[in-house]
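Peer 1: File input-v4.cif below, mmCIF, N, CA and C atoms:
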```cif
data_run
#
loop_
_atom_site.label_atom_id
_atom_site.label_comp_id
_atom_site.auth_asym_id
_atom_site.auth_seq_id
_atom_site.Cartn_x
_atom_site.Cartn_y
_atom_site.Cartn_z
N MET A 1216 11.40 -125.56 45.55
CA MET A 1216 11.26 -125.05 44.22
C MET A 1216 12.00 -123.73 44.11
N GLN A 1217 12.96 -123.65 43.24
CA GLN A 1217 13.70 -122.42 43.04
C GLN A 1217 12.91 -121.51 42.13
N GLN A 1218 13.06 -120.22 42.36
CA GLN A 1218 12.28 -119.26 41.62
C GLN A 1218 13.17 -118.30 40.87
N GLU A 1219 12.55 -117.61 39.94
CA GLU A 1219 13.21 -116.52 39.24
C GLU A 1219 12.42 -115.26 39.58
N ILE A 1220 13.11 -114.23 40.06
CA ILE A 1220 12.46 -112.98 40.44
C ILE A 1220 12.42 -112.08 39.21
N ILE A 1221 11.22 -111.59 38.92
CA ILE A 1221 11.06 -110.68 37.79
C ILE A 1221 10.63 -109.32 38.34
N THR A 1222 11.46 -108.31 38.12
CA THR A 1222 11.17 -106.95 38.57
C THR A 1222 11.47 -106.02 37.40
N GLY A 1223 11.64 -104.74 37.66
CA GLY A 1223 12.03 -103.81 36.63
C GLY A 1223 13.47 -104.04 36.17
N HIS A 1224 14.21 -104.85 36.94
CA HIS A 1224 15.59 -105.22 36.61
C HIS A 1224 15.57 -106.54 35.84
N PRO A 1225 16.68 -106.92 35.26
CA PRO A 1225 16.73 -108.24 34.61
C PRO A 1225 16.37 -109.34 35.62
N PRO A 1226 15.74 -110.45 35.16
CA PRO A 1226 15.38 -111.55 36.09
C PRO A 1226 16.59 -112.03 36.88
N ILE A 1227 16.35 -112.34 38.16
CA ILE A 1227 17.41 -112.79 39.06
C ILE A 1227 17.09 -114.19 39.54
N HIS A 1228 18.06 -115.08 39.48
CA HIS A 1228 17.91 -116.44 40.01
C HIS A 1228 17.79 -116.36 41.53
N PHE A 1229 16.79 -117.00 42.12
CA PHE A 1229 16.54 -116.97 43.57
C PHE A 1229 16.65 -118.39 44.11
N PRO A 1230 17.85 -118.80 44.58
CA PRO A 1230 18.09 -120.19 44.96
C PRO A 1230 17.79 -120.52 46.43
N TYR A 1231 16.95 -119.75 47.08
CA TYR A 1231 16.73 -119.91 48.52
C TYR A 1231 15.37 -120.56 48.80
N HIS A 1232 15.33 -121.37 49.87
CA HIS A 1232 14.11 -122.03 50.29
C HIS A 1232 13.71 -121.49 51.66
N LYS A 1233 12.40 -121.44 51.92
CA LYS A 1233 11.90 -120.89 53.17
C LYS A 1233 11.82 -122.00 54.24
N TYR A 1234 12.21 -121.62 55.48
CA TYR A 1234 12.23 -122.56 56.60
C TYR A 1234 11.60 -121.94 57.84
N ARG A 1235 11.06 -122.81 58.68
CA ARG A 1235 10.64 -122.47 60.04
C ARG A 1235 11.68 -123.11 60.96
N ILE A 1236 12.28 -122.30 61.82
CA ILE A 1236 13.34 -122.79 62.70
C ILE A 1236 12.92 -122.59 64.15
N GLU A 1237 12.86 -123.67 64.90
CA GLU A 1237 12.57 -123.63 66.33
C GLU A 1237 13.90 -123.83 67.05
N TRP A 1238 14.21 -122.89 67.97
CA TRP A 1238 15.54 -122.93 68.58
C TRP A 1238 15.49 -122.46 70.03
N SER A 1239 16.54 -122.73 70.77
CA SER A 1239 16.67 -122.34 72.18
C SER A 1239 17.57 -121.12 72.29
N ASP A 1240 17.18 -120.19 73.16
CA ASP A 1240 17.97 -118.97 73.35
C ASP A 1240 18.12 -118.68 74.84
N ILE A 1241 19.08 -117.87 75.14
CA ILE A 1241 19.35 -117.46 76.51
C ILE A 1241 18.19 -116.64 77.06
N SER A 1242 17.88 -116.83 78.34
CA SER A 1242 16.97 -115.95 79.08
C SER A 1242 17.79 -115.31 80.18
N SER A 1243 17.57 -114.05 80.42
CA SER A 1243 18.28 -113.40 81.52
C SER A 1243 17.38 -112.37 82.16
N ASP A 1244 17.70 -112.03 83.39
CA ASP A 1244 16.93 -111.05 84.15
C ASP A 1244 17.90 -110.39 85.12
N SER A 1245 17.97 -109.08 85.09
CA SER A 1245 18.93 -108.39 85.95
C SER A 1245 18.33 -107.97 87.28
N GLY A 1246 17.04 -108.31 87.51
CA GLY A 1246 16.39 -107.93 88.76
C GLY A 1246 16.63 -108.95 89.87
N TRP A 1247 16.16 -108.59 91.07
CA TRP A 1247 16.26 -109.48 92.22
C TRP A 1247 15.15 -110.51 92.16
N ALA A 1248 15.43 -111.73 92.64
CA ALA A 1248 14.43 -112.80 92.61
C ALA A 1248 14.69 -113.78 93.74
N SER A 1249 13.62 -114.42 94.17
CA SER A 1249 13.73 -115.47 95.18
C SER A 1249 14.23 -116.75 94.52
N ASP A 1250 14.56 -117.74 95.34
CA ASP A 1250 15.00 -119.02 94.77
C ASP A 1250 13.88 -119.66 93.97
N LYS A 1251 12.61 -119.48 94.39
CA LYS A 1251 11.49 -120.06 93.66
C LYS A 1251 11.34 -119.40 92.28
N GLU A 1252 11.50 -118.10 92.24
CA GLU A 1252 11.43 -117.40 90.95
C GLU A 1252 12.59 -117.83 90.05
N PHE A 1253 13.77 -117.98 90.65
CA PHE A 1253 14.95 -118.39 89.89
C PHE A 1253 14.75 -119.80 89.33
N ASP A 1254 14.18 -120.70 90.14
CA ASP A 1254 13.94 -122.08 89.70
C ASP A 1254 12.95 -122.15 88.53
N ARG A 1255 12.06 -121.16 88.43
CA ARG A 1255 11.07 -121.15 87.34
C ARG A 1255 11.65 -120.62 86.02
N MET A 1256 12.85 -120.06 86.04
CA MET A 1256 13.44 -119.54 84.81
C MET A 1256 13.69 -120.67 83.81
N LYS A 1257 13.35 -120.41 82.58
CA LYS A 1257 13.53 -121.37 81.49
C LYS A 1257 14.22 -120.68 80.32
N LEU A 1258 14.73 -121.48 79.41
CA LEU A 1258 15.26 -120.93 78.17
C LEU A 1258 14.13 -120.34 77.35
N ALA A 1259 14.43 -119.33 76.56
CA ALA A 1259 13.48 -118.83 75.58
C ALA A 1259 13.45 -119.84 74.43
N MET A 1260 12.29 -120.03 73.84
CA MET A 1260 12.12 -121.00 72.75
C MET A 1260 11.57 -120.28 71.52
N PRO A 1261 12.39 -119.43 70.87
CA PRO A 1261 11.90 -118.67 69.73
C PRO A 1261 11.64 -119.53 68.49
N VAL A 1262 10.80 -118.99 67.62
CA VAL A 1262 10.53 -119.58 66.31
C VAL A 1262 10.83 -118.48 65.29
N SER A 1263 11.66 -118.79 64.33
CA SER A 1263 12.02 -117.84 63.27
C SER A 1263 11.67 -118.46 61.92
N GLU A 1264 11.18 -117.63 61.01
CA GLU A 1264 10.91 -118.08 59.66
C GLU A 1264 11.62 -117.18 58.67
N GLY A 1265 12.18 -117.77 57.64
CA GLY A 1265 12.85 -117.00 56.62
C GLY A 1265 13.46 -117.91 55.57
N TRP A 1266 14.04 -117.27 54.58
CA TRP A 1266 14.74 -118.03 53.55
C TRP A 1266 16.13 -118.39 54.04
N LEU A 1267 16.51 -119.65 53.85
CA LEU A 1267 17.81 -120.14 54.30
C LEU A 1267 18.91 -119.60 53.38
N TYR A 1268 19.81 -118.84 53.96
CA TYR A 1268 20.94 -118.30 53.21
C TYR A 1268 22.14 -119.25 53.30
N GLU A 1269 22.40 -119.76 54.53
CA GLU A 1269 23.55 -120.64 54.73
C GLU A 1269 23.32 -121.52 55.95
N LYS A 1270 23.80 -122.74 55.87
CA LYS A 1270 23.77 -123.66 57.01
C LYS A 1270 25.09 -124.40 57.02
N ASN A 1271 25.78 -124.36 58.17
CA ASN A 1271 27.02 -125.12 58.32
C ASN A 1271 27.09 -125.65 59.75
N LYS A 1272 28.23 -126.19 60.15
CA LYS A 1272 28.36 -126.79 61.49
C LYS A 1272 28.21 -125.77 62.61
N LYS A 1273 28.50 -124.50 62.34
CA LYS A 1273 28.48 -123.47 63.39
C LYS A 1273 27.22 -122.62 63.41
N VAL A 1274 26.72 -122.22 62.23
CA VAL A 1274 25.60 -121.28 62.20
C VAL A 1274 24.59 -121.60 61.10
N ILE A 1275 23.38 -121.09 61.31
CA ILE A 1275 22.34 -121.06 60.30
C ILE A 1275 22.02 -119.60 60.07
N LYS A 1276 22.03 -119.17 58.81
CA LYS A 1276 21.73 -117.78 58.47
C LYS A 1276 20.46 -117.75 57.65
N ILE A 1277 19.50 -116.91 58.09
CA ILE A 1277 18.25 -116.74 57.35
C ILE A 1277 18.00 -115.25 57.12
N PHE A 1278 17.11 -114.96 56.17
CA PHE A 1278 16.66 -113.59 55.96
C PHE A 1278 15.16 -113.62 55.72
N ALA A 1279 14.46 -112.56 56.15
CA ALA A 1279 13.01 -112.54 56.07
C ALA A 1279 12.49 -111.59 55.00
N SER A 1280 13.36 -110.77 54.44
CA SER A 1280 12.93 -109.89 53.35
C SER A 1280 14.10 -109.67 52.40
N TYR A 1281 13.76 -109.24 51.19
CA TYR A 1281 14.81 -108.99 50.21
C TYR A 1281 14.33 -107.95 49.20
N ASP A 1282 15.27 -107.38 48.51
CA ASP A 1282 15.01 -106.43 47.43
C ASP A 1282 16.00 -106.76 46.33
N THR A 1283 15.74 -106.29 45.14
CA THR A 1283 16.68 -106.50 44.05
C THR A 1283 17.09 -105.17 43.46
N ASP A 1284 18.29 -105.13 42.95
CA ASP A 1284 18.77 -103.97 42.22
C ASP A 1284 19.72 -104.46 41.13
N ASP A 1285 20.40 -103.55 40.49
CA ASP A 1285 21.29 -103.93 39.39
C ASP A 1285 22.43 -104.84 39.84
N ASP A 1286 22.76 -104.82 41.15
CA ASP A 1286 23.83 -105.67 41.68
C ASP A 1286 23.34 -107.05 42.11
N GLY A 1287 22.02 -107.27 42.11
CA GLY A 1287 21.47 -108.56 42.52
C GLY A 1287 20.51 -108.42 43.67
N ILE A 1288 20.58 -109.36 44.60
CA ILE A 1288 19.66 -109.41 45.74
C ILE A 1288 20.28 -108.68 46.93
N GLN A 1289 19.44 -107.86 47.59
CA GLN A 1289 19.81 -107.21 48.85
C GLN A 1289 19.00 -107.89 49.95
N PHE A 1290 19.66 -108.33 51.03
CA PHE A 1290 19.01 -109.12 52.08
C PHE A 1290 18.64 -108.25 53.27
N GLY A 1291 17.43 -108.44 53.81
CA GLY A 1291 16.96 -107.70 54.97
C GLY A 1291 16.48 -108.64 56.06
N GLU A 1292 16.35 -108.10 57.27
CA GLU A 1292 15.89 -108.86 58.44
C GLU A 1292 16.69 -110.15 58.58
N ARG A 1293 18.01 -109.99 58.65
CA ARG A 1293 18.93 -111.13 58.70
C ARG A 1293 19.10 -111.63 60.13
N THR A 1294 19.17 -112.95 60.26
CA THR A 1294 19.35 -113.59 61.57
C THR A 1294 20.41 -114.67 61.45
N VAL A 1295 21.30 -114.72 62.44
CA VAL A 1295 22.31 -115.79 62.53
C VAL A 1295 22.04 -116.54 63.83
N ILE A 1296 21.81 -117.85 63.72
CA ILE A 1296 21.49 -118.71 64.86
C ILE A 1296 22.58 -119.76 65.00
N PRO A 1297 23.12 -119.96 66.21
CA PRO A 1297 24.08 -121.06 66.38
C PRO A 1297 23.40 -122.41 66.05
N THR A 1298 24.03 -123.20 65.22
CA THR A 1298 23.47 -124.49 64.83
C THR A 1298 23.19 -125.36 66.06
N SER A 1299 24.02 -125.26 67.07
CA SER A 1299 23.85 -126.08 68.28
C SER A 1299 22.58 -125.70 69.06
N CYS A 1300 21.97 -124.56 68.78
CA CYS A 1300 20.76 -124.12 69.47
C CYS A 1300 19.48 -124.51 68.74
N VAL A 1301 19.61 -125.06 67.54
CA VAL A 1301 18.43 -125.40 66.73
C VAL A 1301 17.84 -126.73 67.19
N ASN A 1302 16.55 -126.70 67.49
CA ASN A 1302 15.82 -127.89 67.93
C ASN A 1302 15.11 -128.57 66.77
N LYS A 1303 14.59 -127.76 65.83
CA LYS A 1303 13.84 -128.32 64.70
C LYS A 1303 13.90 -127.32 63.55
N MET A 1304 14.01 -127.87 62.34
CA MET A 1304 14.05 -127.06 61.14
C MET A 1304 13.09 -127.67 60.13
N ILE A 1305 12.08 -126.90 59.71
CA ILE A 1305 11.05 -127.43 58.82
C ILE A 1305 11.07 -126.62 57.52
N LYS A 1306 11.21 -127.30 56.39
CA LYS A 1306 11.17 -126.63 55.10
C LYS A 1306 9.72 -126.30 54.77
N LEU A 1307 9.46 -125.04 54.44
CA LEU A 1307 8.11 -124.60 54.10
C LEU A 1307 7.92 -124.61 52.59
N LYS A 1308 6.69 -124.70 52.17
CA LYS A 1308 6.40 -124.70 50.72
C LYS A 1308 6.24 -123.30 50.23
#
```
Kindly transcribe the structure held in the file into structure tokens.
Peer 2:
Amino acid sequence: MQQEIITGHPPIHFPYHKYRIEWSDISSDSGWASDKEFDRMKLAMPVSEGWLYEKNKKVIKIFASYDTDDDGIQFGERTVIPTSCVNKMIKLK
């Protein structure tokens, strides 16, 4: 459902939908470790939520906060995730 933002400024069309994105990320450790500790290393499995700004073959861009001014929408808490790292994408209501 697309929304219209009403603030002290003229109403702004808000064409973004909120998503929960589960994705895989690099894990690293610069310390010394045994082979057993190294074998236990796994990828990080972050979960990010935000409004979908863009999705293409290379990246997914989301933002978690926004503000409006006379120029339109200002985006905050922006994240760019490689599309190849996304495991699941769920549209939120």
Peer 1: Env of segment 1273-1288 of chain A: 7 Å cut, atoms = only C-alpha atoms, seq-sep filter 5 positions within chain, self excluded. Answer as a count of residues only.
Peer 2: 13
Peer 1: Could you tell me how far atom CA of Lys1233 of chain A sits from atom C of Val1301 of chain A, in Å to one decimal place?
Peer 2: 16.3 Å
Peer 1: One decimal, in Å: what's the spacing between atom CA of Ser1299 of chain A and atom C of Pro1230 of chain A?
Peer 2: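 Separating atom CA of Ser1299 of chain A from atom C of Pro1230 of chain A is a distance of 23.3 Å.
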Peer 1: A:Lys1257, A:Leu1307, A:Phe1229, A:Lys1270: which is nearest Ser1242 of chain A, counting only C-alpha atoms?
Peer 2: A:Lys1257
Peer 1: Interatomic distance between atom N of Lys1306 of chain A and atom C of Val1262 of chain A?
Peer 2: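 About the pair atom N of Lys1306 of chain A and atom C of Val1262 of chain A: they are 12.5 Å apart.
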Peer 1: Give me the residues near Arg1235 of chain A as a ChimeraX atom specification, where near means some atom within 5 Å (using all atoms listed in the file) and where sequence neighbours in that chain fewer than 5 positions away do not count.
Peer 2: /A:1263-1264,1304-1305
Peer 1: Pick out the closest residue to Ala1259 of chain A from this set: A:Ile1241, A:Cys1300, A:Tyr1234, A:Glu1292. Count only N, CA and C atoms.
Peer 2: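 Result for the nearest residue to Ala1259 of chain A: A:Ile1241.
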Peer 1: Of the candidates A:Phe1253, A:Glu1269, A:Lys1308, A:Pro1261, which shows the shortest atom-to-atom distance to Ser1239 of chain A, using only N, CA and C atoms?
Peer 2: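 For Ser1239 of chain A, the nearest of the candidates is A:Pro1261.
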Peer 1: Return the single residue from A:Glu1237, A:Met1260, A:Trp1247, A:Asp1254 that is closest to Asn1302 of chain A, with distances computed using only C-alpha atoms.
Peer 2: A:Glu1237
Peer 1: Within chain A, find each residue whose DSSP state, derived from the backbone, is helix (DSSP H, G or I), and express the selection as a PyMOL selection string.
Peer 2: chain A and resi 1250-1254+1298-1300
Peer 1: Those residues you just picked out, can you put them in a file as a PDB file, keeping the file's coordinate frame with N, CA and C atoms?
Peer 2:
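Saved the output as out27.pdb:
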```pdb
ATOM      1  N   ASP A1250      14.560-117.740  95.340  1.00  0.00           N
ATOM      2  CA  ASP A1250      15.000-119.020  94.770  1.00  0.00           C
ATOM      3  C   ASP A1250      13.880-119.660  93.970  1.00  0.00           C
ATOM      4  N   LYS A1251      12.610-119.480  94.390  1.00  0.00           N
ATOM      5  CA  LYS A1251      11.490-120.060  93.660  1.00  0.00           C
ATOM      6  C   LYS A1251      11.340-119.400  92.280  1.00  0.00           C
ATOM      7  N   GLU A1252      11.500-118.100  92.240  1.00  0.00           N
ATOM      8  CA  GLU A1252      11.430-117.400  90.950  1.00  0.00           C
ATOM      9  C   GLU A1252      12.590-117.830  90.050  1.00  0.00           C
ATOM     10  N   PHE A1253      13.770-117.980  90.650  1.00  0.00           N
ATOM     11  CA  PHE A1253      14.950-118.390  89.890  1.00  0.00           C
ATOM     12  C   PHE A1253      14.750-119.800  89.330  1.00  0.00           C
ATOM     13  N   ASP A1254      14.180-120.700  90.140  1.00  0.00           N
ATOM     14  CA  ASP A1254      13.940-122.080  89.700  1.00  0.00           C
ATOM     15  C   ASP A1254      12.950-122.150  88.530  1.00  0.00           C
ATOM     16  N   THR A1298      24.030-123.200  65.220  1.00  0.00           N
ATOM     17  CA  THR A1298      23.470-124.490  64.830  1.00  0.00           C
ATOM     18  C   THR A1298      23.190-125.360  66.060  1.00  0.00           C
ATOM     19  N   SER A1299      24.020-125.260  67.070  1.00  0.00           N
ATOM     20  CA  SER A1299      23.850-126.080  68.280  1.00  0.00           C
ATOM     21  C   SER A1299      22.580-125.700  69.060  1.00  0.00           C
ATOM     22  N   CYS A1300      21.970-124.560  68.780  1.00  0.00           N
ATOM     23  CA  CYS A1300      20.760-124.120  69.470  1.00  0.00           C
ATOM     24  C   CYS A1300      19.480-124.510  68.740  1.00  0.00           C
TER      25      CYS A1300
END
```
Peer 1: Please identify the strand (DSSP E) residues within chain A (assignment by DSSP from backbone atoms) and present them as a compact mmCIF listing (two decimals) with N, CA and C atoms, keeping the file's coordinate frame.
Peer 2:
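Okay, part.txt is ready:
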```txt
# COMPACT_ATOMS: atom_id res chain seq x y z
N GLN A 1218 13.06 -120.22 42.36
CA GLN A 1218 12.28 -119.26 41.62
C GLN A 1218 13.17 -118.30 40.87
N GLU A 1219 12.55 -117.61 39.94
CA GLU A 1219 13.21 -116.52 39.24
C GLU A 1219 12.42 -115.26 39.58
N ILE A 1220 13.11 -114.23 40.06
CA ILE A 1220 12.46 -112.98 40.44
C ILE A 1220 12.42 -112.08 39.21
N ILE A 1227 16.35 -112.34 38.16
CA ILE A 1227 17.41 -112.79 39.06
C ILE A 1227 17.09 -114.19 39.54
N HIS A 1228 18.06 -115.08 39.48
CA HIS A 1228 17.91 -116.44 40.01
C HIS A 1228 17.79 -116.36 41.53
N PHE A 1229 16.79 -117.00 42.12
CA PHE A 1229 16.54 -116.97 43.57
C PHE A 1229 16.65 -118.39 44.11
N LYS A 1233 12.40 -121.44 51.92
CA LYS A 1233 11.90 -120.89 53.17
C LYS A 1233 11.82 -122.00 54.24
N TYR A 1234 12.21 -121.62 55.48
CA TYR A 1234 12.23 -122.56 56.60
C TYR A 1234 11.60 -121.94 57.84
N ARG A 1235 11.06 -122.81 58.68
CA ARG A 1235 10.64 -122.47 60.04
C ARG A 1235 11.68 -123.11 60.96
N ILE A 1236 12.28 -122.30 61.82
CA ILE A 1236 13.34 -122.79 62.70
C ILE A 1236 12.92 -122.59 64.15
N GLU A 1237 12.86 -123.67 64.90
CA GLU A 1237 12.57 -123.63 66.33
C GLU A 1237 13.90 -123.83 67.05
N TRP A 1238 14.21 -122.89 67.97
CA TRP A 1238 15.54 -122.93 68.58
C TRP A 1238 15.49 -122.46 70.03
N VAL A 1262 10.80 -118.99 67.62
CA VAL A 1262 10.53 -119.58 66.31
C VAL A 1262 10.83 -118.48 65.29
N SER A 1263 11.66 -118.79 64.33
CA SER A 1263 12.02 -117.84 63.27
C SER A 1263 11.67 -118.46 61.92
N GLU A 1264 11.18 -117.63 61.01
CA GLU A 1264 10.91 -118.08 59.66
C GLU A 1264 11.62 -117.18 58.67
N GLY A 1265 12.18 -117.77 57.64
CA GLY A 1265 12.85 -117.00 56.62
C GLY A 1265 13.46 -117.91 55.57
N TRP A 1266 14.04 -117.27 54.58
CA TRP A 1266 14.74 -118.03 53.55
C TRP A 1266 16.13 -118.39 54.04
N LEU A 1267 16.51 -119.65 53.85
CA LEU A 1267 17.81 -120.14 54.30
C LEU A 1267 18.91 -119.60 53.38
N TYR A 1268 19.81 -118.84 53.96
CA TYR A 1268 20.94 -118.30 53.21
C TYR A 1268 22.14 -119.25 53.30
N GLU A 1269 22.40 -119.76 54.53
CA GLU A 1269 23.55 -120.64 54.73
C GLU A 1269 23.32 -121.52 55.95
N LYS A 1270 23.80 -122.74 55.87
CA LYS A 1270 23.77 -123.66 57.01
C LYS A 1270 25.09 -124.40 57.02
N VAL A 1274 26.72 -122.22 62.23
CA VAL A 1274 25.60 -121.28 62.20
C VAL A 1274 24.59 -121.60 61.10
N ILE A 1275 23.38 -121.09 61.31
CA ILE A 1275 22.34 -121.06 60.30
C ILE A 1275 22.02 -119.60 60.07
N LYS A 1276 22.03 -119.17 58.81
CA LYS A 1276 21.73 -117.78 58.47
C LYS A 1276 20.46 -117.75 57.65
N ILE A 1277 19.50 -116.91 58.09
CA ILE A 1277 18.25 -116.74 57.35
C ILE A 1277 18.00 -115.25 57.12
N PHE A 1278 17.11 -114.96 56.17
CA PHE A 1278 16.66 -113.59 55.96
C PHE A 1278 15.16 -113.62 55.72
N ALA A 1279 14.46 -112.56 56.15
CA ALA A 1279 13.01 -112.54 56.07
C ALA A 1279 12.49 -111.59 55.00
N SER A 1280 13.36 -110.77 54.44
CA SER A 1280 12.93 -109.89 53.35
C SER A 1280 14.10 -109.67 52.40
N TYR A 1281 13.76 -109.24 51.19
CA TYR A 1281 14.81 -108.99 50.21
C TYR A 1281 14.33 -107.95 49.20
N ASP A 1282 15.27 -107.38 48.51
CA ASP A 1282 15.01 -106.43 47.43
C ASP A 1282 16.00 -106.76 46.33
N THR A 1283 15.74 -106.29 45.14
CA THR A 1283 16.68 -106.50 44.05
C THR A 1283 17.09 -105.17 43.46
N ASP A 1284 18.29 -105.13 42.95
CA ASP A 1284 18.77 -103.97 42.22
C ASP A 1284 19.72 -104.46 41.13
N GLY A 1287 22.02 -107.27 42.11
CA GLY A 1287 21.47 -108.56 42.52
C GLY A 1287 20.51 -108.42 43.67
N ILE A 1288 20.58 -109.36 44.60
CA ILE A 1288 19.66 -109.41 45.74
C ILE A 1288 20.28 -108.68 46.93
N GLN A 1289 19.44 -107.86 47.59
CA GLN A 1289 19.81 -107.21 48.85
C GLN A 1289 19.00 -107.89 49.95
N PHE A 1290 19.66 -108.33 51.03
CA PHE A 1290 19.01 -109.12 52.08
C PHE A 1290 18.64 -108.25 53.27
N GLY A 1291 17.43 -108.44 53.81
CA GLY A 1291 16.96 -107.70 54.97
C GLY A 1291 16.48 -108.64 56.06
N GLU A 1292 16.35 -108.10 57.27
CA GLU A 1292 15.89 -108.86 58.44
C GLU A 1292 16.69 -110.15 58.58
N ARG A 1293 18.01 -109.99 58.65
CA ARG A 1293 18.93 -111.13 58.70
C ARG A 1293 19.10 -111.63 60.13
N THR A 1294 19.17 -112.95 60.26
CA THR A 1294 19.35 -113.59 61.57
C THR A 1294 20.41 -114.67 61.45
N VAL A 1295 21.30 -114.72 62.44
CA VAL A 1295 22.31 -115.79 62.53
C VAL A 1295 22.04 -116.54 63.83
N ILE A 1296 21.81 -117.85 63.72
CA ILE A 1296 21.49 -118.71 64.86
C ILE A 1296 22.58 -119.76 65.00
N PRO A 1297 23.12 -119.96 66.21
CA PRO A 1297 24.08 -121.06 66.38
C PRO A 1297 23.40 -122.41 66.05
N VAL A 1301 19.61 -125.06 67.54
CA VAL A 1301 18.43 -125.40 66.73
C VAL A 1301 17.84 -126.73 67.19
N ASN A 1302 16.55 -126.70 67.49
CA ASN A 1302 15.82 -127.89 67.93
C ASN A 1302 15.11 -128.57 66.77
N LYS A 1303 14.59 -127.76 65.83
CA LYS A 1303 13.84 -128.32 64.70
C LYS A 1303 13.90 -127.32 63.55
N MET A 1304 14.01 -127.87 62.34
CA MET A 1304 14.05 -127.06 61.14
C MET A 1304 13.09 -127.67 60.13
N ILE A 1305 12.08 -126.90 59.71
CA ILE A 1305 11.05 -127.43 58.82
C ILE A 1305 11.07 -126.62 57.52
N LYS A 1306 11.21 -127.30 56.39
CA LYS A 1306 11.17 -126.63 55.10
C LYS A 1306 9.72 -126.30 54.77
```
